[in-house]
Amino acid sequence: MRFEALQESRKRTQKDIESSGKRSELFGKNVFNEEKMLQFLTTEAFDKVKSAIFQGTKIDRKIADQVAEGMKAWALSMGATHYTHWFQPLTGSTAEKHDAFFALTPDGRAMEKFGGAQLVQQEPDASSFPSGGIRNTFEARGYTAWDPTSPAFIYKTTLCIPTIFVAYTGEALDNKAPLLRALHAVDEAATGVAQYFDKNVRKVYATLGWEQEYFLIDKALAKSRLDITMAGRTLVGSAAAKGQQLDDHYFGVIPNRVLSFMSELEKECIKMGIPVKTRHNEVAPNQFELAPMHEEANLSVDHNLLLMDVMEVIADRHNFVVLFHEKPFAGINGSGKHNNWSLATDTGVNLLSPGTTPMKNLQFLTFFVNTIKAVDTYEELLRSSIASASNDYRLGGNEAPPAILSIFVGKQLTDVLDELEGVSKGKLSPQEKTELKLNVVGKIPEILLDNTDRNRTSPFAFTGNKFEMRGVGAKTNCAKPMTILNTIVAKQLTEFKKEVDALIQKKNLKKDEAVFNVLREYIKTSKRIRFDGDGYGREWQEEAKRRKLSNNKNTPEALQVLTSKESIALFKDTDVMSEVELKAHQEVELEAYIFHVQIEGRVLGEMVYNHILPAAVRYQNLLLENVRGLKEVYGAAHKKVAETQLNLLEQIGTHMAEIRKLTEEMTAARKRANALSTTNKKAQAYCNNVKPYFETIREQSDKLEKLIADDLWPFVKYSELLFSK
Ligand code: ADP
Ligand code: MG
């Protein structure tokens, strides 16, 4: 298979992509956006949808029927034949079940049908999706419900309607419903605070701009490997002589075949309203990145999920397989998905961007410091939102960023925070006010202009007008970190407002005095989370421990906090998730963890017994035949002549015995783990007793790979996977 695959991969030619014209003309062509709504909806329906988007008002059945009618007319005019509710079950990816518009009337006439009922709600009978025990398959089913804040779009010939997926009892069975609730919570809390500075603010949006990293591997090569096919990553493979040490790939010329893939992908994205902007080579060979402009967080999350789906389809057309796994290859960089996050008002102001007046800068400081405080209080929870079996190979492995959450703000902003720490308690003297306005708050914009000392090792960095969360895995649904981040910031801003209001009302402080007073305390109490040093070093691990920051290196550990008393209270207070939902989501994540490790273990076992050992035996036979021949010719003297062959035979035999022993032990450990009674115990057993074998088995396999004749080695090698273009 390996050689067939190699042959096939060498025949590849680049696919020509016709120029698609101006992006601005193509943008949103397949989206039921405002422009299409104006054209296809009645004024009444248009207004109702707009107010549902803006104010979260309900859309009644009559209006839903009108919207459905308009959507159908548009979709049919675009050549769509089917529609689907597009949702995000807890599996982490997206799901869809297509229904044809086509219907028959009772008297047998054919027609295209799509009404409000089909738009608003669907029962996908998706009883096999994970529910963490919320929903018993034999009683209630889940249903999907239209999310009008994310516009419908057409992919291929299907009208896709973004939806949430909930149980009949109301609990979220997906990642979108909690995200929408978190965005609502942060809107309410942040609007209240933003109104201290501008009375006209009516709504605050969380914004998200993700940066998607991925590997592109030739299809024939990737498909020839069981581990890539089944687990999305290589479980064995000796490092190629050359890796990324020359840095000759990073930001280099994009290979032709890849460029034509990217061009087609971007064209599709633009049509579906994903505002893709940047593309480049990443650090590792055959690793790339794509980033769009930022958008409202819910839409941005949907667009990232859609992008990942579309990428797989387009990659296939170009004879590539796209890998989103966080660590597909040992020894070279893995893939992440930085989440750039900020808050913006309906008046068009980025709340994490300093302005031109002291008041604007106080507003900036307010949101800046509150975010720091929120992350400090809930660092462990935020860490849990990016935990997964595959991301464990990055976070807390020997790769960036570490599993410890900390915030980088840079030297100049640290100085500002230090100054603010010295602000007097209670009322401020006129001199102090002037000093603050002129020399501290007033200087912020200049500071940010040359805030160039960006720390690449920080998991949560302030980058001028937004925070960048860097621990998110390439495969992760951004809804998870975005739900937690926006929830904790919502909670924090609510607390902040209470404290400021109390100072104004009870202590008779002016608004800005009250704000300074509360911020001063936050700066003091959240100091431990700020860290500008090297996040990779051993010293930081020790220092973080002294600071009592969590350092949960694996998923089962990291997920525990989800159901702590504090977390349950937080999600209840903010109306983002109930205790039942939290427990269910935790259960689902733990189960997913178990399955992933279990699958990897099984695949590895299969590779050892069915491929690696047989290859070793074949090579042994070759050597034996040779030794036998030498003995025939040289008699007793053959031992000297065949010294190398005999030595190889012995080495191979040793590694074979070792790899078999380890594989048997791993299988036994799996059996013991499977017999445990709770999901939690099982997950921990898989993590601590099964997973460690992956490393040691791999070591033996990689040694064998180096010893065995190349033409007998069954798997496409790292040099072939990573350096074929
Ligand atoms: P760089 O960090 O590479 O200099 P930018 O600062 O332009 O580049 O942005 C990097 C990423 O941050 C982009 O993908 C963009 O979508 C995102 N981004 C920029 N501004 C915001 C914002 N206000 N909110 C959320 N994401 C943002
Ligand atoms: Mg970045």
# chains A, B, ... in the order shown; residues from 1 in each chain; ligands from 1
call {"tool": "residues_near_ligand", "arguments": {"ligand": "ligand 1", "cutoff": "10 Å", "atoms": "only C-alpha atoms and all ligand atoms", "output": "ChimeraX atom specification"}}
result
/A:205-212,275-278,290-297,300,338-344,349-353,452,454,463-468
call {"tool": "write_last_selection", "arguments": {"atoms": "N, CA and C atoms", "output": "short mmCIF file (atom, residue, chain, number, x, y, z; two decimals), in the first residue's frame"}}
result
data_model
loop_
_atom_site.label_atom_id
_atom_site.label_comp_id
_atom_site.auth_asym_id
_atom_site.auth_seq_id
_atom_site.Cartn_x
_atom_site.Cartn_y
_atom_site.Cartn_z
N TYR A 205 -21.69 43.27 21.83
CA TYR A 205 -21.42 42.00 21.18
C TYR A 205 -20.05 41.50 21.57
N ALA A 206 -19.95 40.19 21.76
CA ALA A 206 -18.62 39.61 21.85
C ALA A 206 -18.15 39.40 20.42
N THR A 207 -16.89 39.69 20.14
CA THR A 207 -16.36 39.44 18.81
C THR A 207 -15.31 38.35 18.87
N LEU A 208 -15.23 37.61 17.80
CA LEU A 208 -14.26 36.52 17.72
C LEU A 208 -13.61 36.52 16.35
N GLY A 209 -12.30 36.42 16.36
CA GLY A 209 -11.55 36.21 15.12
C GLY A 209 -10.60 35.05 15.37
N TRP A 210 -10.88 33.92 14.74
CA TRP A 210 -10.03 32.74 14.98
C TRP A 210 -8.97 32.64 13.89
N GLU A 211 -7.92 31.90 14.20
CA GLU A 211 -6.87 31.64 13.22
C GLU A 211 -6.72 30.13 13.15
N GLN A 212 -7.11 29.54 12.04
CA GLN A 212 -7.16 28.08 11.93
C GLN A 212 -5.87 27.52 11.35
N PRO A 275 -15.62 35.77 5.94
CA PRO A 275 -14.73 36.81 5.42
C PRO A 275 -13.25 36.45 5.53
N VAL A 276 -12.82 35.42 4.79
CA VAL A 276 -11.42 34.97 4.88
C VAL A 276 -10.50 36.06 4.38
N LYS A 277 -9.35 36.14 5.00
CA LYS A 277 -8.48 37.27 4.72
C LYS A 277 -7.02 36.85 4.56
N THR A 278 -6.52 36.06 5.50
CA THR A 278 -5.10 35.76 5.51
C THR A 278 -4.83 34.29 5.26
N LEU A 290 -5.18 29.69 8.08
CA LEU A 290 -6.15 30.56 7.43
C LEU A 290 -6.86 31.38 8.49
N ALA A 291 -7.01 32.68 8.26
CA ALA A 291 -7.71 33.53 9.23
C ALA A 291 -8.67 34.47 8.52
N PRO A 292 -9.86 34.61 9.07
CA PRO A 292 -10.81 35.56 8.51
C PRO A 292 -10.77 36.86 9.30
N MET A 293 -11.56 37.82 8.88
CA MET A 293 -11.75 39.00 9.72
C MET A 293 -12.66 38.60 10.88
N HIS A 294 -12.61 39.37 11.95
CA HIS A 294 -13.42 38.96 13.10
C HIS A 294 -14.88 39.32 12.88
N GLU A 295 -15.75 38.59 13.60
CA GLU A 295 -17.19 38.80 13.48
C GLU A 295 -17.81 38.64 14.85
N GLU A 296 -19.09 38.89 14.92
CA GLU A 296 -19.85 38.61 16.14
C GLU A 296 -19.59 37.14 16.48
N ALA A 297 -19.43 36.82 17.77
CA ALA A 297 -18.91 35.51 18.15
C ALA A 297 -19.75 34.32 17.68
N SER A 300 -19.17 33.87 14.06
CA SER A 300 -17.79 33.46 13.84
C SER A 300 -17.59 31.98 14.18
N HIS A 338 -5.92 30.02 17.51
CA HIS A 338 -5.99 31.20 18.37
C HIS A 338 -7.38 31.81 18.29
N ASN A 339 -7.92 32.15 19.45
CA ASN A 339 -9.22 32.83 19.48
C ASN A 339 -8.99 34.28 19.91
N ASN A 340 -9.08 35.20 18.97
CA ASN A 340 -8.98 36.63 19.30
C ASN A 340 -10.35 37.09 19.72
N TRP A 341 -10.41 37.72 20.87
CA TRP A 341 -11.72 38.03 21.44
C TRP A 341 -11.76 39.48 21.94
N SER A 342 -12.89 40.10 21.73
CA SER A 342 -13.09 41.43 22.31
C SER A 342 -14.59 41.66 22.51
N LEU A 343 -14.94 42.85 22.98
CA LEU A 343 -16.33 43.24 23.15
C LEU A 343 -16.54 44.52 22.36
N ALA A 344 -17.65 44.60 21.64
CA ALA A 344 -17.91 45.79 20.85
C ALA A 344 -19.35 46.25 21.08
N VAL A 349 -18.03 50.77 18.94
CA VAL A 349 -16.80 50.97 19.71
C VAL A 349 -16.26 49.63 20.21
N ASN A 350 -14.98 49.40 19.98
CA ASN A 350 -14.31 48.23 20.54
C ASN A 350 -13.94 48.56 21.98
N LEU A 351 -14.54 47.84 22.93
CA LEU A 351 -14.35 48.20 24.34
C LEU A 351 -12.96 47.87 24.86
N LEU A 352 -12.21 47.10 24.10
CA LEU A 352 -10.83 46.82 24.52
C LEU A 352 -9.83 47.63 23.71
N SER A 353 -10.34 48.68 23.11
CA SER A 353 -9.45 49.55 22.36
C SER A 353 -9.43 50.91 23.03
N THR A 452 5.04 46.45 21.13
CA THR A 452 5.50 45.46 20.17
C THR A 452 6.04 44.19 20.83
N ARG A 454 5.41 41.42 21.97
CA ARG A 454 4.41 40.37 22.13
C ARG A 454 5.06 39.08 22.57
N THR A 463 -3.27 41.88 22.88
CA THR A 463 -2.53 42.25 21.67
C THR A 463 -3.04 43.56 21.08
N GLY A 464 -3.09 44.58 21.93
CA GLY A 464 -3.36 45.93 21.43
C GLY A 464 -4.80 46.38 21.48
N ASN A 465 -5.72 45.54 20.99
CA ASN A 465 -7.14 45.92 21.06
C ASN A 465 -8.04 44.71 21.23
N LYS A 466 -7.46 43.62 21.70
CA LYS A 466 -8.20 42.37 21.90
C LYS A 466 -7.35 41.43 22.73
N PHE A 467 -7.97 40.43 23.31
CA PHE A 467 -7.20 39.37 23.95
C PHE A 467 -7.13 38.20 22.99
N GLU A 468 -6.03 37.49 23.06
CA GLU A 468 -5.84 36.35 22.18
C GLU A 468 -5.67 35.09 23.02
#
call {"tool": "closest_atom_pairs", "arguments": {"of": "region 426-500 of chain A", "to": "region 89-102 of chain A", "cutoff": "10 Å", "atoms": "only C-alpha atoms", "output": "tab-separated table"}}
result
residue	atom	partner	partner_atom	distance
A:Lys475	CA	A:Gly92	CA	8.3
A:Thr476	CA	A:Gly92	CA	6.9
A:Asn477	CA	A:Gly92	CA	5.9
A:Cys478	CA	A:Gly92	CA	9.6
A:Ala479	CA	A:Gly92	CA	9.5
A:Lys480	CA	A:Gly92	CA	9.3
call {"tool": "closest_residue", "arguments": {"among": "A:Thr457, A:Thr144, A:Asn610, A:Thr563", "to": "ligand 2", "atoms": "only C-alpha atoms and all ligand atoms"}}
result
A:Thr457
call {"tool": "closest_residue", "arguments": {"among": "A:Thr229, A:Thr356, A:Ser260, A:Thr169", "to": "Leu323 (chain A)", "atoms": "only C-alpha atoms"}}
result
A:Thr229
call {"tool": "select_by_dssp", "arguments": {"residues": "region 257-459 of chain A", "states": "helix (DSSP H, G or I)", "output": "NGL selection string"}}
result
:A and (257-271 or 297-317 or 358-377 or 379-384 or 391-393 or 411-421 or 430-449)
call {"tool": "write_last_selection", "arguments": {"atoms": "C-alpha atoms", "output": "compact mmCIF listing (two decimals), in the first residue's frame"}}
result
# COMPACT_ATOMS: atom_id res chain seq x y z
CA ARG A 257 -0.94 22.56 -5.38
CA VAL A 258 -1.73 24.07 -2.01
CA LEU A 259 -2.30 27.48 -3.48
CA SER A 260 -4.85 26.14 -5.87
CA PHE A 261 -6.59 24.38 -2.97
CA MET A 262 -6.58 27.63 -1.01
CA SER A 263 -7.97 29.63 -3.90
CA GLU A 264 -10.90 27.31 -4.38
CA LEU A 265 -11.50 27.12 -0.65
CA GLU A 266 -11.49 30.88 -0.27
CA LYS A 267 -13.90 31.30 -3.14
CA GLU A 268 -16.34 28.91 -1.46
CA CYS A 269 -15.87 30.67 1.87
CA ILE A 270 -16.49 34.09 0.41
CA LYS A 271 -19.69 32.89 -1.24
CA ALA A 297 -18.91 35.51 18.15
CA ASN A 298 -21.89 33.28 17.36
CA LEU A 299 -21.53 33.88 13.66
CA SER A 300 -17.79 33.46 13.84
CA VAL A 301 -18.16 30.12 15.61
CA ASP A 302 -20.58 28.93 12.93
CA HIS A 303 -18.22 30.10 10.25
CA ASN A 304 -15.32 28.23 11.74
CA LEU A 305 -17.32 25.00 11.87
CA LEU A 306 -18.52 25.53 8.35
CA LEU A 307 -14.99 26.24 7.21
CA MET A 308 -13.74 22.98 8.66
CA ASP A 309 -16.47 21.07 6.81
CA VAL A 310 -15.82 22.84 3.55
CA MET A 311 -12.06 22.40 3.88
CA GLU A 312 -12.43 18.66 4.00
CA VAL A 313 -14.54 18.63 0.87
CA ILE A 314 -12.27 20.94 -1.12
CA ALA A 315 -9.11 19.21 0.11
CA ASP A 316 -10.50 15.98 -1.28
CA ARG A 317 -11.01 17.60 -4.68
CA PRO A 358 -9.48 60.09 29.17
CA MET A 359 -13.07 58.86 29.53
CA LYS A 360 -12.64 56.46 26.59
CA ASN A 361 -9.47 55.21 28.17
CA LEU A 362 -11.11 54.69 31.50
CA GLN A 363 -13.68 52.63 29.63
CA PHE A 364 -10.86 50.63 28.05
CA LEU A 365 -9.22 50.10 31.44
CA THR A 366 -12.51 49.00 32.94
CA PHE A 367 -13.04 46.21 30.43
CA PHE A 368 -9.36 45.36 30.36
CA VAL A 369 -9.04 44.98 34.13
CA ASN A 370 -12.36 43.18 34.48
CA THR A 371 -11.29 40.62 31.90
CA ILE A 372 -8.07 40.05 33.80
CA LYS A 373 -10.01 39.67 37.03
CA ALA A 374 -12.47 37.24 35.44
CA VAL A 375 -9.70 35.05 34.06
CA ASP A 376 -7.93 35.16 37.41
CA THR A 377 -11.01 34.01 39.30
CA GLU A 379 -8.62 30.32 35.29
CA GLU A 380 -9.22 26.65 35.91
CA LEU A 381 -12.63 26.76 34.29
CA LEU A 382 -11.28 28.53 31.24
CA ARG A 383 -8.55 25.92 30.98
CA SER A 384 -11.22 23.20 31.04
CA ASN A 391 -5.24 18.87 22.58
CA ASP A 392 -3.54 17.12 25.52
CA TYR A 393 -0.66 16.37 23.18
CA LYS A 411 5.61 46.03 30.12
CA GLN A 412 3.90 49.34 29.41
CA LEU A 413 0.44 48.24 30.46
CA THR A 414 1.93 46.59 33.52
CA ASP A 415 3.35 50.01 34.41
CA VAL A 416 -0.09 51.57 34.00
CA LEU A 417 -1.65 48.94 36.26
CA ASP A 418 1.10 49.50 38.82
CA GLU A 419 0.35 53.22 38.84
CA LEU A 420 -3.35 52.61 39.27
CA GLU A 421 -2.64 50.39 42.23
CA PRO A 430 -8.28 67.36 42.15
CA GLN A 431 -4.52 67.04 41.69
CA GLU A 432 -4.69 63.28 41.71
CA LYS A 433 -7.46 63.34 39.16
CA THR A 434 -5.51 65.60 36.85
CA GLU A 435 -2.40 63.49 37.28
CA LEU A 436 -4.34 60.32 36.45
CA LYS A 437 -5.97 61.88 33.45
CA LEU A 438 -2.83 63.36 32.01
CA ASN A 439 -0.10 60.95 32.89
CA VAL A 440 -1.63 57.55 33.39
CA VAL A 441 -4.89 57.11 31.55
CA GLY A 442 -4.08 59.76 29.00
CA LYS A 443 -0.95 58.02 27.80
CA ILE A 444 -2.51 54.67 27.04
CA PRO A 445 -3.03 55.12 23.28
CA GLU A 446 0.61 56.04 22.77
CA ILE A 447 1.67 53.05 24.81
CA LEU A 448 -0.34 50.70 22.71
CA LEU A 449 1.03 52.05 19.49
call {"tool": "residues_around", "arguments": {"residues": "Ala103 (chain A)", "least_positions_apart": "3", "cutoff": "6 Å", "atoms": "only C-alpha atoms", "output": "list of chain:residue names"}}
result
A:Ala110, A:Met111, A:Glu112
call {"tool": "write_last_selection", "arguments": {"atoms": "N, CA and C atoms", "output": "PDB file, in the first residue's frame"}}
result
ATOM      1  N   ALA A 110     -47.026  17.007  -7.575  1.00  0.00           N
ATOM      2  CA  ALA A 110     -45.701  17.316  -7.032  1.00  0.00           C
ATOM      3  C   ALA A 110     -45.544  18.807  -6.798  1.00  0.00           C
ATOM      4  N   MET A 111     -44.878  19.173  -5.695  1.00  0.00           N
ATOM      5  CA  MET A 111     -44.627  20.588  -5.430  1.00  0.00           C
ATOM      6  C   MET A 111     -43.386  20.753  -4.537  1.00  0.00           C
ATOM      7  N   GLU A 112     -42.940  21.989  -4.409  1.00  0.00           N
ATOM      8  CA  GLU A 112     -41.820  22.287  -3.510  1.00  0.00           C
ATOM      9  C   GLU A 112     -42.420  22.903  -2.250  1.00  0.00           C
TER      10      GLU A 112
END
call {"tool": "residues_around", "arguments": {"residues": "Gly142 (chain A)", "least_positions_apart": "3", "cutoff": "6 Å", "atoms": "only C-alpha atoms", "output": "CSV table (one decimal) with C-alpha atoms, in the first residue's frame"}}
result
chain,number,residue,atom,x,y,z
A,166,VAL,CA,-32.1,20.8,22.8
A,167,ALA,CA,-33.9,18.1,24.7
A,168,TYR,CA,-37.7,18.3,25.1
call {"tool": "atom_distance", "arguments": {"atom1": "CA of Ala239 (chain A)", "atom2": "CA of Arg602 (chain A)"}}
result
22.8 Å
